[in-house]
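Okay, structure first, notes after.
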Amino acid sequence: MERSPMLEHFAEELRLARAAAGMSQAALAEAINYSQPMVAKVESCERRPSLDFARRCDAVFTTDGRFVRIQKRISREIVVQYFREWAGVEQEAKALRWFEPVYVPGLLQTEAYARAVFAGPGLLSAEEIEEQVATRLDRQEILARAKPPLLTFVVDEHVLRRPIGDRAVMREQLLHLVKVATSVPQVRIHVVPASTGAYAGLDGPFVLATPQAGEPAVYFEGHWHGQVDDRPDFVRHMIDTWETIRSVALPDQQSIDLIAEVAETWS
């Protein structure tokens with residue numbers, strides 16, 4: 001893994017904080033509920049710290065969010081160049097409307113499912129896979145905010161039935177969808193049933209973002225490229241496309257019931 005300046009900064013700050021507290025790596029590992037080898041790898045820049053790791057360090061050292069701030073800057077460095085613009089839009093949006101015909105949307109993926117997504121094609125190294133998984137999970141912080149944006153997801157039923165990882169991964173993932181949909185009031189998940197014929201969503205996934213201020217934007221992603229488009233005519237067209245997709249999707253509760261039903265088929 002190529003070392004980033006912020007990764008080295010995190011490692012240095014962790015070593016200094018630990019030394020000032022008179023703690024060994026083993027003592028810190030016990031305090032933050034991580035393994036000693038994990039602490040050692042973070043301090044030697046062999047492993048990128050997760051957001052949870054950073055939060056626990058801030059709690060132990062009472063550093064007022066210092067480690068979290070550094071970790072978030074590491075995440076921005078790791079994100080591939082084409083995604084950086086959209087990552088900023090996503091984090092600042094007051095509402096997101098996301099359609100996915102192939103995978104579970106990234107903001108809703110479990111760690112195991114995300115790892116299977118990145119590992120499946122066999123194009124990334126083990127370290128690259130872990131970097132991308134960590135980045136994806138970090139983005140999900142948006143769901144844990146005191147007041148998350150309004151998040152509406154529509155997925156094709158085939159997303160629920162396509163084996164990504166093993167059966168346990170799929171069952172855990174679908175149960176996670178049910179949990180989020182029923183515990184986060186700002187989240188709505190809808191399913192387009194497999195019985196639906198041709199519909200606008202078959203042209204591919206997209207996300208519509210409504211910002212706090214300014215005009216909406218739409219994001220498309222393909223093989224190692226992505227595009228943010230905020231041209232008014234195009235955005236209006238994609239809003240119309242969204243509405244047609246939404247019109248063929250099941251209502252909230254029916255969608256949750258279907259997800260729970262399919263989850264049991266992965267037992």
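Labeling convention for the structure tokens: chains A, B, ... as they appear, residues from 1 per chain, ligands from 1 in order of appearance.
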Exercise: Arg171 of chain A partners within 6 Å, only C-alpha atoms, chain neighbours under 3 positions left out, as number ranges by chain: A: 168, 174, 263, 266
Give me, as a ChimeraX atom specification, all polymer residues having an atom no more than 10 Å from Glu43 of chain A, counting only C-alpha atoms and skipping those fewer than 3 positions away in the same chain. /A:7-15,25,37-40,46-49
In segment 109-152 of chain A, what's helix (DSSP H, G or I) per DSSP? Answer as a list in words?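 The helix (DSSP H, G or I) residues within segment 109-152 of chain A come out as Glu111, Ala112, Tyr113, Ala114, Arg115, Ala116, Val117, Phe118, Ala119, Ala126, Glu127, Glu128, Ile129, Glu130, Glu131, Gln132, Val133, Ala134, Thr135, Arg136, Leu137, Asp138, Arg139, Gln140, Glu141, Ile142, Leu143 and Ala144 of chain A.
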Of the candidates A:Ala198, A:Val178, A:Cys57, A:Val133, which one gets nearest to Ala119 of chain A if we count only C-alpha atoms?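 Smallest distance to Ala119 of chain A is found for A:Val133.
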Nearest candidate to Gly204 of chain A (options A:Val102, A:Ala116, A:Leu28, A:Val187; using only C-alpha atoms): A:Val102
Can you pull out every residue from segment 8-233 of chain A that DSSP, working from the backbone, puts in strand (DSSP E or B), and format the result as an NGL selection string? :A and (93-100 or 150-156 or 187-192 or 206-211 or 217-222 or 225-229)
Between atom CA of Arg231 of chain A and atom CA of Ile245 of chain A, distance in Å (one decimal): 20.9 Å
Quick one: residues within 12 Å of Pro105 of chain A, only C-alpha atoms, excluding same-chain residues fewer than 3 positions away - as a ChimeraX atom specification? /A:96-102,108-110,113-114,117,136-137,139-140,151-156,159-160,173-174,177,189-190,205-207
